[in-house]
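Peer 1: Provided herewith is a single structure, encoded as structure tokens, for subsequent inquiry.
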Amino acid sequence: MLARNIIRQFLTQILGLFVGFFISIITTRILGVEGRGNFALILNTSSFLSILLNLSFGASIVHVISTDKAPLRETINSVLALVLLLIGVCILLLTFFPFSKFDFFLPTNQSMFYNKCILIILFVTSLSGIVFNSVLNAKKIFKSQQVVYFWIAPLTMVAYIVLYYFKLQFGIDFKTFITFYLFISSVSTISSIIIYFKLARPKFSFTFLNREQF
């Protein structure tokens, strides 16, 4: 069993490397130099927000759940409450941060409100993915995650190829590409949530960790 998991994980990493390389090329072809630069700015700022605000609690979730340090239901409820709090902090930070003085963080040729909405969606997607993937990893539900990825990865490549063909035929603007990217990015997170509800969700109760546990 362990050997099969290792082999599947190794194949998943190889597939991920190949798909990531392919998508980076297609993205550059679709957006061009300026568009690729604007896209990189959004991704970099989104990554910085995630590093700043997610508290790196993914590893903590894996440790606490896998070692039974605290009840599963209470742990998940407390983590989701923390996620809601962090999303609120993210919204406040983006609302009051003086982007007019530090305009190098985001593209300047687009609506600032639009850019902020994109960052919030990316933050929510990233944080949700971290939480539910951590729970699945802690419960050692590796096979389902790997099988789903083996389906998602090639379908993602096909989707990018179709978008590139559409761009050659009709042209697409930056916002259309971003909408496409947000949808593709959410697929993996939604898949993890579905696997969680099917295989890892404990019986519901409105209970939380006490202060010492938290």
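Identifiers in this document derive from the order of the structure tokens: chains are assigned A, B, ..., residues are numbered from 1 separately in each chain, and ligands are numbered from 1 in order of occurrence.
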Please provide the set of residues having any atom within 9 Å of A:Val131, restricted to only C-alpha atoms, with same-chain residues fewer than 5 positions apart removed, written as a PyMOL selection string.

Peer 2: chain A and resi 57-58+61+76+79-80+83+126+136

Peer 1: Could you name the residues that touch stretch 155-162 of chain A at 9 Å or less, counting only C-alpha atoms, but leaving out those on the same chain fewer than 4 positions away, as a PyMOL selection string?

Peer 2: chain A and resi 19+22-23+26-27+150-151+166-167+184

Peer 1: For the residues in the current selection, export all heavy atoms as a short mmCIF file (atom, residue, chain, number, x, y, z; two decimals), in the first residue's frame.

Peer 2:
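Listed below is the output, result-v1.cif:
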```cif
data_model
loop_
_atom_site.label_atom_id
_atom_site.label_comp_id
_atom_site.auth_asym_id
_atom_site.auth_seq_id
_atom_site.Cartn_x
_atom_site.Cartn_y
_atom_site.Cartn_z
N VAL A 19 2.48 19.63 -16.67
CA VAL A 19 1.29 20.46 -16.90
C VAL A 19 1.59 21.93 -16.58
O VAL A 19 1.19 22.83 -17.33
CB VAL A 19 0.11 19.95 -16.05
CG1 VAL A 19 -1.07 20.93 -16.11
CG2 VAL A 19 -0.35 18.59 -16.55
N PHE A 22 3.65 23.42 -19.39
CA PHE A 22 2.83 23.60 -20.58
C PHE A 22 1.90 24.81 -20.42
O PHE A 22 1.78 25.65 -21.33
CB PHE A 22 2.01 22.33 -20.83
CG PHE A 22 1.04 22.44 -21.97
CD1 PHE A 22 1.46 22.26 -23.26
CD2 PHE A 22 -0.30 22.74 -21.72
CE1 PHE A 22 0.56 22.37 -24.33
CE2 PHE A 22 -1.20 22.85 -22.76
CZ PHE A 22 -0.77 22.66 -24.08
N ILE A 23 1.25 24.92 -19.27
CA ILE A 23 0.31 26.01 -19.04
C ILE A 23 1.01 27.36 -19.02
O ILE A 23 0.47 28.37 -19.50
CB ILE A 23 -0.47 25.77 -17.73
CG1 ILE A 23 -1.47 24.62 -17.93
CG2 ILE A 23 -1.21 27.02 -17.29
CD1 ILE A 23 -2.22 24.23 -16.68
N ILE A 26 1.45 28.34 -22.66
CA ILE A 26 0.18 28.72 -23.27
C ILE A 26 -0.31 30.06 -22.72
O ILE A 26 -0.82 30.91 -23.47
CB ILE A 26 -0.89 27.63 -23.02
CG1 ILE A 26 -0.53 26.35 -23.76
CG2 ILE A 26 -2.26 28.12 -23.46
CD1 ILE A 26 -0.57 26.47 -25.26
N THR A 27 -0.13 30.28 -21.41
CA THR A 27 -0.55 31.54 -20.80
C THR A 27 0.18 32.73 -21.42
O THR A 27 -0.42 33.76 -21.73
CB THR A 27 -0.30 31.51 -19.28
OG1 THR A 27 -1.09 30.48 -18.69
CG2 THR A 27 -0.67 32.84 -18.64
N PHE A 150 -5.25 13.20 -11.50
CA PHE A 150 -4.93 12.60 -12.80
C PHE A 150 -6.02 12.87 -13.83
O PHE A 150 -5.78 12.79 -15.03
CB PHE A 150 -4.70 11.09 -12.64
CG PHE A 150 -3.28 10.73 -12.32
CD1 PHE A 150 -2.93 10.33 -11.04
CD2 PHE A 150 -2.29 10.80 -13.28
CE1 PHE A 150 -1.62 10.00 -10.73
CE2 PHE A 150 -0.98 10.47 -12.97
CZ PHE A 150 -0.64 10.07 -11.70
N TRP A 151 -7.22 13.17 -13.36
CA TRP A 151 -8.29 13.58 -14.27
C TRP A 151 -8.25 15.08 -14.53
O TRP A 151 -8.42 15.54 -15.67
CB TRP A 151 -9.66 13.20 -13.68
CG TRP A 151 -10.02 11.77 -13.87
CD1 TRP A 151 -9.90 10.76 -12.95
CD2 TRP A 151 -10.55 11.15 -15.04
NE1 TRP A 151 -10.31 9.57 -13.48
CE2 TRP A 151 -10.73 9.78 -14.77
CE3 TRP A 151 -10.89 11.63 -16.31
CZ2 TRP A 151 -11.23 8.89 -15.70
CZ3 TRP A 151 -11.40 10.75 -17.25
CH2 TRP A 151 -11.56 9.40 -16.94
N PHE A 166 -9.42 29.68 -29.19
CA PHE A 166 -10.45 30.73 -29.18
C PHE A 166 -9.80 32.10 -29.32
O PHE A 166 -10.31 32.98 -30.03
CB PHE A 166 -11.25 30.64 -27.88
CG PHE A 166 -12.46 31.54 -27.87
CD1 PHE A 166 -13.67 31.10 -28.38
CD2 PHE A 166 -12.38 32.82 -27.33
CE1 PHE A 166 -14.78 31.93 -28.37
CE2 PHE A 166 -13.48 33.65 -27.32
CZ PHE A 166 -14.69 33.20 -27.84
N LYS A 167 -8.65 32.29 -28.64
CA LYS A 167 -7.95 33.56 -28.73
C LYS A 167 -7.46 33.83 -30.15
O LYS A 167 -7.55 34.96 -30.65
CB LYS A 167 -6.79 33.55 -27.74
CG LYS A 167 -6.02 34.86 -27.64
CD LYS A 167 -4.71 34.82 -28.38
CE LYS A 167 -3.93 36.11 -28.21
NZ LYS A 167 -2.67 36.12 -28.98
N ILE A 184 -10.74 27.65 -13.33
CA ILE A 184 -9.84 26.50 -13.35
C ILE A 184 -9.22 26.29 -11.96
O ILE A 184 -9.11 25.15 -11.47
CB ILE A 184 -8.74 26.69 -14.41
CG1 ILE A 184 -9.32 26.64 -15.82
CG2 ILE A 184 -7.66 25.61 -14.26
CD1 ILE A 184 -9.95 25.33 -16.21
#
```

Peer 1: I want to know what sits within 10 Å of A:Ser134, based on only C-alpha atoms, with residues of the same chain fewer than 2 positions away left out; could you give that as a list in words?

Peer 2: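 Those residues are Phe57, Gly58, Ala59, Ser60, Ile61, Val62, His63, Ile65, Ser66, Ser128, Gly129, Ile130, Val131, Phe132, Leu136, Asn137, Ala138, Lys139, Lys140 and Ser192 of chain A.
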
Peer 1: Give one line per residue of stretch 58-88 of chain A that approaches stretch 208-213 of chain A to at most 12 Å, naming the two atoms of the closest pair and their distance in Å to one decimal, counting only C-alpha atoms; sort by chain then ascending residue number and deliver it as a Markdown table.

Peer 2:
```
| residue | atom | partner | partner_atom | distance |
| --- | --- | --- | --- | --- |
| A:Val64 | CA | A:Gln213 | CA | 10.0 |
| A:Asp68 | CA | A:Gln213 | CA | 11.8 |
| A:Lys69 | CA | A:Gln213 | CA | 8.4 |
| A:Ala70 | CA | A:Gln213 | CA | 7.1 |
| A:Pro71 | CA | A:Leu209 | CA | 8.0 |
| A:Leu72 | CA | A:Leu209 | CA | 9.6 |
| A:Arg73 | CA | A:Phe208 | CA | 7.7 |
| A:Glu74 | CA | A:Phe208 | CA | 4.3 |
| A:Thr75 | CA | A:Leu209 | CA | 6.2 |
| A:Ile76 | CA | A:Phe208 | CA | 8.2 |
| A:Asn77 | CA | A:Phe208 | CA | 5.8 |
| A:Ser78 | CA | A:Phe208 | CA | 5.4 |
| A:Val79 | CA | A:Phe208 | CA | 9.0 |
| A:Leu80 | CA | A:Phe208 | CA | 10.1 |
| A:Ala81 | CA | A:Phe208 | CA | 9.1 |
| A:Leu82 | CA | A:Phe208 | CA | 11.1 |
```

Peer 1: Would you mind telling me which residue in A:Ala40, A:Leu182, A:Leu93, A:Leu31 lies nearest to A:Ile118 when using only C-alpha atoms?

Peer 2: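 The shortest atom-to-atom distance to A:Ile118 comes from A:Leu182.
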
Peer 1: DSSP on the backbone: what in stretch 28-138 of chain A comes out helix (DSSP H, G or I), as a ChimeraX atom specification?

Peer 2: /A:28-53,57-66,72-96,103-105,112-138

Peer 1: Closest to A:Gly37 among A:Ile91, A:Leu106, A:Ile193, A:Leu53, using only C-alpha atoms?

Peer 2: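 Among the listed residues, A:Leu106 lies closest to A:Gly37.
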
Peer 1: Nearest to A:Ile172: which of A:Thr12, A:Leu84, A:Gly32, A:Ser24 is it, counting only C-alpha atoms?

Peer 2: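 The shortest atom-to-atom distance to A:Ile172 comes from A:Gly32.
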